[in-house]
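Data from model_13.cif: mmCIF, C-alpha atoms
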data_target
loop_
_atom_site.label_atom_id
_atom_site.label_comp_id
_atom_site.auth_asym_id
_atom_site.auth_seq_id
_atom_site.Cartn_x
_atom_site.Cartn_y
_atom_site.Cartn_z
CA MET A 1 -5.95 3.69 23.88
CA THR A 2 -8.41 0.94 23.20
CA LYS A 3 -7.55 -0.36 19.71
CA ALA A 4 -4.45 -0.65 17.57
CA VAL A 5 -3.27 -2.46 14.46
CA VAL A 6 0.16 -4.07 14.84
CA LEU A 7 2.25 -5.11 11.84
CA LEU A 8 3.53 -8.57 12.64
CA SER A 9 6.04 -10.38 10.44
CA GLY A 10 6.84 -13.26 12.72
CA GLY A 11 10.33 -11.95 13.43
CA LEU A 12 11.92 -10.88 16.69
CA ASP A 13 11.29 -7.15 16.32
CA SER A 14 7.61 -7.31 15.43
CA ALA A 15 6.93 -9.85 18.21
CA THR A 16 8.41 -7.41 20.73
CA THR A 17 6.39 -4.60 19.13
CA LEU A 18 3.18 -6.60 19.61
CA ALA A 19 4.12 -7.24 23.25
CA ILE A 20 4.70 -3.50 23.80
CA ALA A 21 1.40 -2.66 22.08
CA ARG A 22 -0.40 -5.22 24.27
CA SER A 23 1.02 -3.48 27.36
CA GLU A 24 -0.32 -0.10 26.16
CA VAL A 25 -3.56 -0.85 24.27
CA SER A 26 -6.55 -3.03 25.24
CA SER A 27 -7.22 -4.68 21.86
CA CYS A 28 -4.41 -5.30 19.40
CA TYR A 29 -5.16 -6.52 15.86
CA ALA A 30 -2.14 -8.17 14.27
CA LEU A 31 -1.66 -7.77 10.52
CA THR A 32 0.69 -10.03 8.61
CA ILE A 33 1.35 -9.45 4.93
CA ASP A 34 1.89 -12.57 2.88
CA TYR A 35 3.95 -10.99 0.13
CA GLY A 36 5.39 -14.04 -1.53
CA GLN A 37 8.40 -13.99 0.79
CA ARG A 38 10.89 -16.80 0.44
CA HIS A 39 10.17 -18.21 3.84
CA ARG A 40 6.53 -19.23 4.22
CA LEU A 41 7.44 -20.38 7.73
CA GLU A 42 7.45 -16.70 8.71
CA LEU A 43 3.65 -16.70 8.34
CA GLU A 44 3.36 -19.68 10.65
CA ALA A 45 5.64 -17.92 13.15
CA ALA A 46 3.39 -14.85 12.99
CA ARG A 47 0.33 -17.00 13.76
CA CYS A 48 1.99 -18.54 16.80
CA VAL A 49 3.23 -15.18 18.10
CA ALA A 50 -0.18 -13.48 17.66
CA GLN A 51 -1.85 -16.28 19.60
CA ALA A 52 0.80 -16.47 22.33
CA LEU A 53 0.64 -12.72 22.94
CA GLY A 54 -3.17 -12.55 22.99
CA ALA A 55 -3.92 -10.49 19.89
CA ALA A 56 -7.64 -9.64 19.64
CA GLY A 57 -7.50 -10.62 15.97
CA HIS A 58 -4.99 -11.66 13.32
CA ARG A 59 -5.29 -11.15 9.57
CA VAL A 60 -2.95 -12.48 6.94
CA ALA A 61 -3.41 -10.26 3.87
CA THR A 62 -2.03 -11.56 0.62
CA PHE A 63 -0.21 -9.20 -1.66
CA ASP A 64 2.18 -10.62 -4.18
CA PHE A 65 5.23 -8.36 -4.45
CA SER A 66 6.94 -10.63 -6.96
CA TRP A 67 5.62 -8.63 -9.93
CA ILE A 68 7.39 -5.58 -8.48
CA GLY A 69 10.62 -7.58 -8.08
CA GLY A 70 13.97 -5.95 -7.44
CA SER A 71 14.70 -7.62 -4.08
CA ALA A 72 16.37 -10.81 -2.94
CA LEU A 73 13.43 -11.35 -0.57
CA THR A 74 10.74 -11.41 -3.26
CA ASP A 75 12.53 -12.22 -6.52
CA ARG A 76 13.73 -15.80 -6.65
CA ARG A 77 16.25 -14.96 -9.34
CA ILE A 78 18.18 -12.81 -6.86
CA GLN A 79 20.28 -14.60 -4.22
CA VAL A 80 20.27 -13.62 -0.55
CA PRO A 81 23.79 -12.30 0.09
CA GLN A 82 25.83 -13.96 2.83
CA GLN A 83 28.08 -10.95 3.36
CA PRO A 84 27.19 -7.38 4.39
CA SER A 85 27.15 -4.93 1.48
CA ALA A 86 27.77 -1.20 1.25
CA GLY A 87 24.74 1.08 0.80
CA ILE A 88 21.15 -0.15 0.62
CA PRO A 89 21.26 -3.97 0.46
CA ILE A 90 19.59 -6.15 -2.16
CA THR A 91 17.28 -7.55 0.55
CA TYR A 92 15.52 -4.16 0.57
CA VAL A 93 11.97 -4.65 -0.79
CA PRO A 94 10.97 -1.55 -2.78
CA ALA A 95 8.50 0.61 -0.85
CA ARG A 96 7.72 -2.27 1.52
CA ASN A 97 7.06 -0.30 4.69
CA THR A 98 5.08 2.30 2.74
CA ILE A 99 2.86 -0.49 1.39
CA PHE A 100 2.58 -2.27 4.77
CA LEU A 101 1.67 0.94 6.59
CA ALA A 102 -0.84 1.84 3.87
CA LEU A 103 -2.58 -1.54 4.27
CA ALA A 104 -2.53 -1.18 8.07
CA LEU A 105 -4.02 2.30 7.68
CA GLY A 106 -6.98 0.93 5.72
CA TRP A 107 -7.70 -1.68 8.37
CA ALA A 108 -7.13 0.75 11.23
CA GLU A 109 -9.65 3.10 9.68
CA VAL A 110 -12.35 0.43 9.47
CA LEU A 111 -11.63 -0.83 12.99
CA ASN A 112 -11.64 2.72 14.37
CA ALA A 113 -8.21 2.00 15.77
CA GLU A 114 -6.25 4.85 17.26
CA ALA A 115 -2.76 3.72 16.32
CA ILE A 116 -0.61 1.54 14.09
CA TYR A 117 2.45 -0.12 15.61
CA ILE A 118 5.41 -1.05 13.43
CA GLY A 119 8.68 -2.67 14.49
CA ALA A 120 10.92 -0.41 12.40
CA ASN A 121 14.36 0.09 13.85
CA ALA A 122 16.78 2.83 12.88
CA ILE A 123 19.87 1.38 14.57
CA ASP A 124 20.30 -2.17 13.37
CA TYR A 125 18.30 -1.23 10.32
CA SER A 126 20.34 -2.81 7.54
CA GLY A 127 20.34 0.48 5.61
CA TYR A 128 16.69 0.42 4.52
CA PRO A 129 15.42 3.94 3.72
CA ASP A 130 11.94 3.14 5.02
CA CYS A 131 13.11 2.36 8.56
CA ARG A 132 14.32 5.89 9.26
CA PRO A 133 12.59 8.23 11.74
CA GLU A 134 12.04 10.85 9.03
CA PHE A 135 10.18 8.28 6.91
CA LEU A 136 7.90 7.38 9.82
CA ASP A 137 7.26 11.05 10.60
CA ALA A 138 6.29 11.60 6.96
CA PHE A 139 3.91 8.64 7.09
CA ALA A 140 2.31 9.95 10.30
CA GLN A 141 1.75 13.26 8.53
CA LEU A 142 0.21 11.43 5.58
CA ALA A 143 -2.06 9.38 7.86
CA LYS A 144 -3.54 12.58 9.29
CA LEU A 145 -4.63 13.63 5.80
CA ALA A 146 -5.42 10.30 4.17
CA THR A 147 -8.32 9.05 6.22
CA ARG A 148 -11.85 9.76 7.27
CA ALA A 149 -10.70 9.64 10.89
CA GLY A 150 -8.02 12.24 10.21
CA VAL A 151 -10.50 14.58 8.52
CA GLU A 152 -12.78 14.19 11.53
CA GLY A 153 -9.95 15.23 13.88
CA LYS A 154 -9.00 11.77 15.16
CA PRO A 155 -5.78 10.96 13.34
CA ILE A 156 -4.41 7.44 13.49
CA HIS A 157 -1.03 7.59 15.24
CA ILE A 158 2.05 5.77 13.99
CA ARG A 159 4.05 4.14 16.77
CA ALA A 160 7.50 2.67 16.26
CA PRO A 161 8.55 1.82 19.83
CA LEU A 162 11.75 0.02 18.77
CA LEU A 163 12.96 2.86 16.59
CA LYS A 164 15.96 3.78 18.71
CA MET A 165 16.50 0.53 20.62
CA PRO A 166 19.65 -1.53 20.06
CA LYS A 167 18.84 -5.19 19.36
CA ALA A 168 19.90 -6.24 22.87
CA GLU A 169 17.41 -3.82 24.41
CA ILE A 170 14.66 -5.09 22.10
CA ILE A 171 15.39 -8.62 23.31
CA ARG A 172 15.44 -7.63 26.98
CA THR A 173 12.16 -5.70 26.54
CA GLY A 174 10.56 -8.66 24.79
CA ILE A 175 11.61 -11.08 27.52
CA ARG A 176 10.31 -8.72 30.22
CA LEU A 177 6.93 -8.60 28.42
CA GLY A 178 6.71 -12.37 27.97
CA VAL A 179 7.76 -12.89 24.36
CA ASP A 180 8.85 -16.44 23.59
CA PHE A 181 11.56 -15.76 21.01
CA ALA A 182 11.76 -19.44 20.17
CA LEU A 183 8.50 -18.87 18.23
CA THR A 184 10.01 -16.13 16.08
CA LEU A 185 11.91 -16.44 12.82
CA SER A 186 14.37 -13.80 11.62
CA CYS A 187 16.48 -15.53 8.95
CA TYR A 188 16.16 -14.31 5.35
CA ASP A 189 16.88 -17.80 4.06
CA PRO A 190 15.82 -20.51 6.54
CA ASP A 191 15.72 -24.20 5.66
CA ALA A 192 12.54 -26.26 5.45
CA GLN A 193 12.57 -26.80 9.23
CA GLY A 194 12.73 -23.06 9.86
CA ARG A 195 16.34 -23.16 11.03
CA GLY A 196 18.34 -19.96 10.51
CA CYS A 197 21.28 -19.88 8.09
CA GLY A 198 23.35 -18.05 10.72
CA THR A 199 25.12 -15.92 8.14
CA CYS A 200 22.63 -13.48 6.55
CA ASP A 201 22.39 -9.91 7.87
CA SER A 202 19.27 -10.71 9.84
CA CYS A 203 20.73 -13.83 11.53
CA ARG A 204 23.92 -11.94 12.39
CA LEU A 205 22.07 -9.02 13.99
CA ARG A 206 19.84 -11.41 15.94
CA ALA A 207 22.68 -13.56 17.30
CA GLU A 208 24.69 -10.48 18.26
CA GLY A 209 21.60 -9.10 20.03
CA PHE A 210 21.27 -12.19 22.25
CA ARG A 211 25.01 -12.09 23.03
CA ASN A 212 24.85 -8.39 23.95
CA ALA A 213 21.70 -8.88 26.01
CA GLY A 214 23.44 -11.65 27.94
CA VAL A 215 20.52 -14.06 27.54
CA PRO A 216 20.48 -17.51 25.97
CA ASP A 217 19.68 -17.50 22.24
CA PRO A 218 16.83 -19.98 21.59
CA THR A 219 17.40 -19.86 17.80
CA ILE A 220 18.13 -23.18 16.12
CA TYR A 221 20.64 -22.82 13.31
CA GLN A 222 21.31 -25.06 10.34
CA PRO A 223 24.30 -27.36 10.76
CA ARG A 224 27.32 -25.82 9.00
CA ALA A 225 29.39 -27.66 6.46
CA GLU A 226 32.89 -28.16 7.94
CA MET B 227 11.15 12.56 -18.40
CA THR B 228 11.65 9.11 -19.81
CA LYS B 229 9.62 6.79 -17.57
CA ALA B 230 6.51 7.04 -15.42
CA VAL B 231 4.02 4.77 -13.70
CA VAL B 232 0.38 5.75 -14.29
CA LEU B 233 -2.44 4.53 -12.07
CA LEU B 234 -5.19 3.42 -14.42
CA SER B 235 -8.61 2.35 -13.18
CA GLY B 236 -10.41 2.21 -16.51
CA GLY B 237 -12.48 5.29 -15.70
CA LEU B 238 -12.65 8.63 -17.46
CA ASP B 239 -10.22 10.48 -15.19
CA SER B 240 -7.41 7.95 -15.21
CA ALA B 241 -7.70 7.51 -19.00
CA THR B 242 -7.18 11.26 -19.43
CA THR B 243 -4.30 11.09 -16.93
CA LEU B 244 -2.61 8.39 -19.01
CA ALA B 245 -3.09 10.51 -22.15
CA ILE B 246 -1.48 13.52 -20.42
CA ALA B 247 1.39 11.36 -19.14
CA ARG B 248 1.91 9.97 -22.67
CA SER B 249 2.21 13.57 -23.94
CA GLU B 250 4.90 14.35 -21.33
CA VAL B 251 6.86 11.12 -20.80
CA SER B 252 8.38 8.70 -23.35
CA SER B 253 7.45 5.40 -21.65
CA CYS B 254 4.33 5.09 -19.48
CA TYR B 255 3.69 1.96 -17.44
CA ALA B 256 0.04 1.61 -16.52
CA LEU B 257 -0.83 0.02 -13.17
CA THR B 258 -4.32 -1.26 -12.46
CA ILE B 259 -5.23 -2.60 -9.04
CA ASP B 260 -7.69 -5.45 -9.01
CA TYR B 261 -9.05 -4.87 -5.54
CA GLY B 262 -12.15 -6.99 -5.64
CA GLN B 263 -14.20 -4.08 -6.92
CA ARG B 264 -17.82 -4.78 -7.76
CA HIS B 265 -17.34 -4.13 -11.43
CA ARG B 266 -14.83 -6.51 -12.96
CA LEU B 267 -15.55 -4.82 -16.28
CA GLU B 268 -13.44 -1.91 -15.03
CA LEU B 269 -10.35 -4.12 -15.40
CA GLU B 270 -11.27 -4.90 -19.01
CA ALA B 271 -11.80 -1.18 -19.65
CA ALA B 272 -8.32 -0.48 -18.21
CA ARG B 273 -6.78 -3.03 -20.57
CA CYS B 274 -8.45 -1.46 -23.61
CA VAL B 275 -7.46 2.07 -22.56
CA ALA B 276 -3.81 1.12 -21.89
CA GLN B 277 -3.55 -0.47 -25.30
CA ALA B 278 -5.37 2.32 -27.14
CA LEU B 279 -3.13 4.99 -25.59
CA GLY B 280 0.13 3.13 -26.22
CA ALA B 281 1.29 2.32 -22.69
CA ALA B 282 4.78 0.77 -22.69
CA GLY B 283 3.49 -1.83 -20.24
CA HIS B 284 0.38 -2.66 -18.22
CA ARG B 285 0.23 -4.59 -14.95
CA VAL B 286 -2.88 -5.69 -13.13
CA ALA B 287 -1.89 -6.21 -9.50
CA THR B 288 -4.30 -8.13 -7.34
CA PHE B 289 -4.98 -6.94 -3.84
CA ASP B 290 -8.16 -7.98 -2.14
CA PHE B 291 -9.54 -5.06 -0.13
CA SER B 292 -12.61 -7.01 0.95
CA TRP B 293 -10.98 -8.09 4.24
CA ILE B 294 -10.58 -4.39 5.07
CA GLY B 295 -14.24 -3.76 4.22
CA GLY B 296 -16.05 -0.60 5.21
CA SER B 297 -16.94 0.59 1.69
CA ALA B 298 -19.82 0.06 -0.70
CA LEU B 299 -17.24 -0.50 -3.44
CA THR B 300 -15.53 -3.46 -1.79
CA ASP B 301 -17.99 -4.85 0.74
CA ARG B 302 -20.92 -6.61 -0.91
CA ARG B 303 -23.03 -6.23 2.21
CA ILE B 304 -23.07 -2.45 1.73
CA GLN B 305 -25.30 -1.04 -1.05
CA VAL B 306 -24.13 1.65 -3.48
CA PRO B 307 -26.25 4.71 -2.63
CA GLN B 308 -28.33 6.25 -5.40
CA GLN B 309 -28.49 9.67 -3.75
CA PRO B 310 -25.69 12.05 -2.76
CA SER B 311 -24.88 11.98 0.95
CA ALA B 312 -23.44 14.55 3.34
CA GLY B 313 -19.80 14.17 4.41
CA ILE B 314 -17.52 11.39 3.22
CA PRO B 315 -19.66 8.92 1.23
CA ILE B 316 -19.88 5.18 1.85
CA THR B 317 -18.23 4.58 -1.54
CA TYR B 318 -14.98 5.85 -0.01
CA VAL B 319 -12.54 2.91 0.18
CA PRO B 320 -10.42 3.25 3.34
CA ALA B 321 -6.87 4.40 2.53
CA ARG B 322 -7.33 3.48 -1.13
CA ASN B 323 -5.17 6.16 -2.72
CA THR B 324 -2.49 5.69 -0.04
CA ILE B 325 -2.38 1.98 -0.91
CA PHE B 326 -2.47 2.58 -4.69
CA LEU B 327 0.31 5.17 -4.53
CA ALA B 328 2.38 2.90 -2.27
CA LEU B 329 2.10 0.05 -4.80
CA ALA B 330 2.94 2.41 -7.66
CA LEU B 331 5.94 3.63 -5.68
CA GLY B 332 7.31 0.11 -5.39
CA TRP B 333 7.00 -0.48 -9.12
CA ALA B 334 8.35 2.99 -9.98
CA GLU B 335 11.39 2.30 -7.86
CA VAL B 336 12.18 -0.96 -9.65
CA LEU B 337 11.54 0.57 -13.10
CA ASN B 338 13.70 3.61 -12.24
CA ALA B 339 10.70 5.74 -13.15
CA GLU B 340 10.85 9.45 -12.42
CA ALA B 341 7.19 10.03 -11.66
CA ILE B 342 3.85 8.52 -10.69
CA TYR B 343 0.70 9.92 -12.31
CA ILE B 344 -2.63 9.68 -10.52
CA GLY B 345 -6.01 10.95 -11.69
CA ALA B 346 -7.05 12.42 -8.34
CA ASN B 347 -9.39 15.36 -8.60
CA ALA B 348 -10.11 17.85 -5.86
CA ILE B 349 -13.14 19.49 -7.46
CA ASP B 350 -15.59 16.76 -8.40
CA TYR B 351 -13.97 14.62 -5.76
CA SER B 352 -17.00 13.16 -4.02
CA GLY B 353 -15.60 14.17 -0.62
CA TYR B 354 -12.82 11.59 -0.45
CA PRO B 355 -10.04 12.72 1.94
CA ASP B 356 -7.34 11.10 -0.19
CA CYS B 357 -8.10 13.19 -3.29
CA ARG B 358 -7.11 16.48 -1.66
CA PRO B 359 -3.99 18.45 -2.68
CA GLU B 360 -2.64 18.34 0.88
CA PHE B 361 -2.83 14.53 0.83
CA LEU B 362 -0.90 14.37 -2.44
CA ASP B 363 1.72 16.82 -1.13
CA ALA B 364 2.17 14.64 1.95
CA PHE B 365 2.61 11.56 -0.23
CA ALA B 366 5.19 13.34 -2.40
CA GLN B 367 7.09 14.19 0.77
CA LEU B 368 6.87 10.56 1.88
CA ALA B 369 8.08 9.31 -1.52
CA LYS B 370 11.27 11.38 -1.16
CA LEU B 371 12.10 9.54 2.06
CA ALA B 372 10.70 6.07 1.37
CA THR B 373 12.82 4.89 -1.50
CA ARG B 374 16.32 4.05 -2.58
CA ALA B 375 15.93 6.61 -5.39
CA GLY B 376 14.97 9.30 -2.91
CA VAL B 377 17.95 8.56 -0.67
CA GLU B 378 20.18 8.80 -3.73
CA GLY B 379 18.80 12.24 -4.54
CA LYS B 380 16.42 11.27 -7.36
CA PRO B 381 12.98 11.42 -5.75
CA ILE B 382 10.02 9.97 -7.60
CA HIS B 383 7.61 12.81 -8.34
CA ILE B 384 3.86 12.59 -7.79
CA ARG B 385 1.84 14.15 -10.59
CA ALA B 386 -1.90 14.75 -10.37
CA PRO B 387 -2.58 16.73 -13.54
CA LEU B 388 -6.37 16.68 -13.10
CA LEU B 389 -6.26 17.93 -9.53
CA LYS B 390 -7.89 21.28 -10.20
CA MET B 391 -9.72 20.55 -13.46
CA PRO B 392 -13.52 20.58 -13.58
CA LYS B 393 -14.91 17.40 -15.19
CA ALA B 394 -15.73 19.26 -18.43
CA GLU B 395 -12.10 20.36 -18.79
CA ILE B 396 -10.90 16.80 -18.12
CA ILE B 397 -13.17 15.60 -20.92
CA ARG B 398 -12.02 18.32 -23.34
CA THR B 399 -8.36 17.58 -22.51
CA GLY B 400 -8.90 13.87 -23.03
CA ILE B 401 -10.57 14.39 -26.40
CA ARG B 402 -7.75 16.71 -27.54
CA LEU B 403 -5.22 14.01 -26.60
CA GLY B 404 -7.10 11.24 -28.38
CA VAL B 405 -8.90 9.43 -25.55
CA ASP B 406 -11.82 7.29 -26.70
CA PHE B 407 -14.15 7.72 -23.74
CA ALA B 408 -16.41 4.99 -25.07
CA LEU B 409 -13.76 2.56 -23.77
CA THR B 410 -13.95 3.92 -20.23
CA LEU B 411 -16.28 2.91 -17.41
CA SER B 412 -17.14 5.23 -14.53
CA CYS B 413 -20.28 3.74 -12.94
CA TYR B 414 -20.03 2.35 -9.39
CA ASP B 415 -22.69 -0.23 -10.17
CA PRO B 416 -22.81 -1.16 -13.88
CA ASP B 417 -24.81 -4.06 -15.24
CA ALA B 418 -23.28 -7.18 -16.80
CA GLN B 419 -22.92 -5.39 -20.15
CA GLY B 420 -20.96 -2.55 -18.55
CA ARG B 421 -23.82 -0.06 -18.90
CA GLY B 422 -23.90 2.75 -16.35
CA CYS B 423 -26.71 3.00 -13.80
CA GLY B 424 -27.02 6.72 -14.54
CA THR B 425 -27.82 7.57 -10.93
CA CYS B 426 -24.74 6.94 -8.74
CA ASP B 427 -22.41 9.84 -7.85
CA SER B 428 -19.90 8.78 -10.46
CA CYS B 429 -22.47 8.51 -13.31
CA ARG B 430 -23.96 11.88 -12.38
CA LEU B 431 -20.59 13.66 -12.37
CA ARG B 432 -19.67 12.05 -15.69
CA ALA B 433 -22.92 12.93 -17.48
CA GLU B 434 -22.78 16.50 -16.18
CA GLY B 435 -19.17 16.74 -17.41
CA PHE B 436 -20.12 15.82 -20.97
CA ARG B 437 -23.04 18.29 -20.89
CA ASN B 438 -20.79 21.09 -19.60
CA ALA B 439 -18.06 20.27 -22.11
CA GLY B 440 -20.63 20.49 -24.91
CA VAL B 441 -19.54 17.19 -26.44
CA PRO B 442 -21.62 14.07 -27.12
CA ASP B 443 -21.62 11.58 -24.24
CA PRO B 444 -20.65 8.12 -25.59
CA THR B 445 -21.75 6.38 -22.37
CA ILE B 446 -24.39 3.70 -22.73
CA TYR B 447 -26.79 3.69 -19.79
CA GLN B 448 -29.06 0.94 -18.50
CA PRO B 449 -32.70 1.27 -19.55
CA ARG B 450 -34.68 2.87 -16.74
CA ALA B 451 -37.80 1.33 -15.27
CA GLU B 452 -40.71 3.68 -16.13
#

Output the structure of this file as structure tokens.
Amino acid sequence: MTKAVVLLSGGLDSATTLAIARSEVSSCYALTIDYGQRHRLELEAARCVAQALGAAGHRVATFDFSWIGGSALTDRRIQVPQQPSAGIPITYVPARNTIFLALALGWAEVLNAEAIYIGANAIDYSGYPDCRPEFLDAFAQLAKLATRAGVEGKPIHIRAPLLKMPKAEIIRTGIRLGVDFALTLSCYDPDAQGRGCGTCDSCRLRAEGFRNAGVPDPTIYQPRAE
Amino acid sequence: MTKAVVLLSGGLDSATTLAIARSEVSSCYALTIDYGQRHRLELEAARCVAQALGAAGHRVATFDFSWIGGSALTDRRIQVPQQPSAGIPITYVPARNTIFLALALGWAEVLNAEAIYIGANAIDYSGYPDCRPEFLDAFAQLAKLATRAGVEGKPIHIRAPLLKMPKAEIIRTGIRLGVDFALTLSCYDPDAQGRGCGTCDSCRLRAEGFRNAGVPDPTIYQPRAE
């Protein structure tokens, strides 16, 4: 393949996804969605990662999700929980991956890209419905029908290379492909210096991943109150 | 049904769609996407239509498609053609309906709405891939898997009541349900007063629809150079 669009959040998973895409596709165009997330530092992390991994281009598209609301990540009236919850957690952003993939599809179509890469993961997936394999299959089916390229017999493929990887394997793969995880930011609620809280779902999964991978964790956490 | 999200552009088709939704659902929430379209007057038309038809709410969500480019409707370097073209026309906005439906899905999920209405039409459809029944079926399938509601067994339905209606039938249906088509704007390239060019694909289909329906056309067109 010669061209792909890669959804890049600035977190650990999407950085590894970009590294995998770079190993498979000549020109990778990173797409970051600025959706009014709590942590603006994530956008800065995405910029650093895209540059470090040699993306052919990087776009930050602004779409304000706050009018949709309903999630701790986009609605400032809802607190990020510090304990795991049963069922789909409040950090779930309604239809987020559907919206992200739809935006990537529009850009992929104009670029004549052959694939979209997304760092969705069905194992450590925090219970989000739009990280499941059946969701991604349904989107791939949609992409065949939705676009000019699809009508002309050149569907845009949806690749989710991390889908069945445990976090430790994602980390090992990233390291093998040259990802500097110190550039990435996973925490749902970092402080102004970009330091992780160490207690949200995302921090917990990340720290556990480094432990299980047996590699040093470069994440800097906020000092804890004793 | 008690709640639905209705995609409302300010054109003739989506106004009729809102009127149909209002006749079937108690509370209709109109969603207009401000996507940097050439004709800002379309947004004003959407506001008037939502109010006239008694929408329970109306949101204008801003998403700038111009960075995606590739369409005469969003890229100012590309001219709106004044003649029909073979194949998919240059007024096609890449992945537009996928993106619109994805945004509607997010809002529908937060509102606990049971359906999304879209004015897609497969007859006078100008050759857009994302107005075809198979595209809408694929999106409905996706919506079942993409959301919290779907996982909990209450999928959000996708309704396209105009899908197989000729333009004349859309117009007759709209009139029966009280749509004031003078409020709507269909032209791809109106002047500053909101008057239609009379020659673009969209103007031609609209004018023909009124002729075939045998009802007076309330559209005001730009004076033609002799």

Near-Thr219 in chain A list (12 Å; all atoms listed in the file; drop same-chain fewer than 5 positions) as a PyMOL selection string: chain A and resi 11-12+180-187+190+194-198+203-204+206-210

Hits of the PyMOL selection byres ((chain A) within 6 of (chain B)) in this structure, as a list in words: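 Written out, the selection comes to Phe63, Ile68, Gly70, Pro94, Ala95, Thr98, Ile99, Ala102, Gly106, Trp107, Val110, Pro129, Asp130, Phe135, Ala138, Leu142, Leu145, Ala146 and Thr147 of chain A.
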
Selection result for the PyMOL selection byres ((chain B and resi 384-401) around 8) on this file, as a ChimeraX atom specification: /B:238-239,241-243,245-246,341-350,359,362,365-366,382-383,402-406,431-432,434-439

Top pick for closest residue to Ala52 in chain A, considering A:Thr32, A:Arg40, A:Val6, A:Arg22 and counting only C-alpha atoms: A:Arg22

Separation of CA of Leu234 in chain B from CA of Asp417 in chain B in Å: 21.0 Å

Gap from CA of Ala50 in chain A to CA of Leu31 in chain A - Å, one decimal: 9.3 Å

Mind giving me the axis-aligned box for range 149-152 of chain A with 4 Å on every side, centre plus edges in Å to one decimal, as AutoDock Vina command-line options?
--center_x -10.4 --center_y 12.1 --center_z 10.0 --size_x 12.8 --size_y 12.9 --size_z 11.0
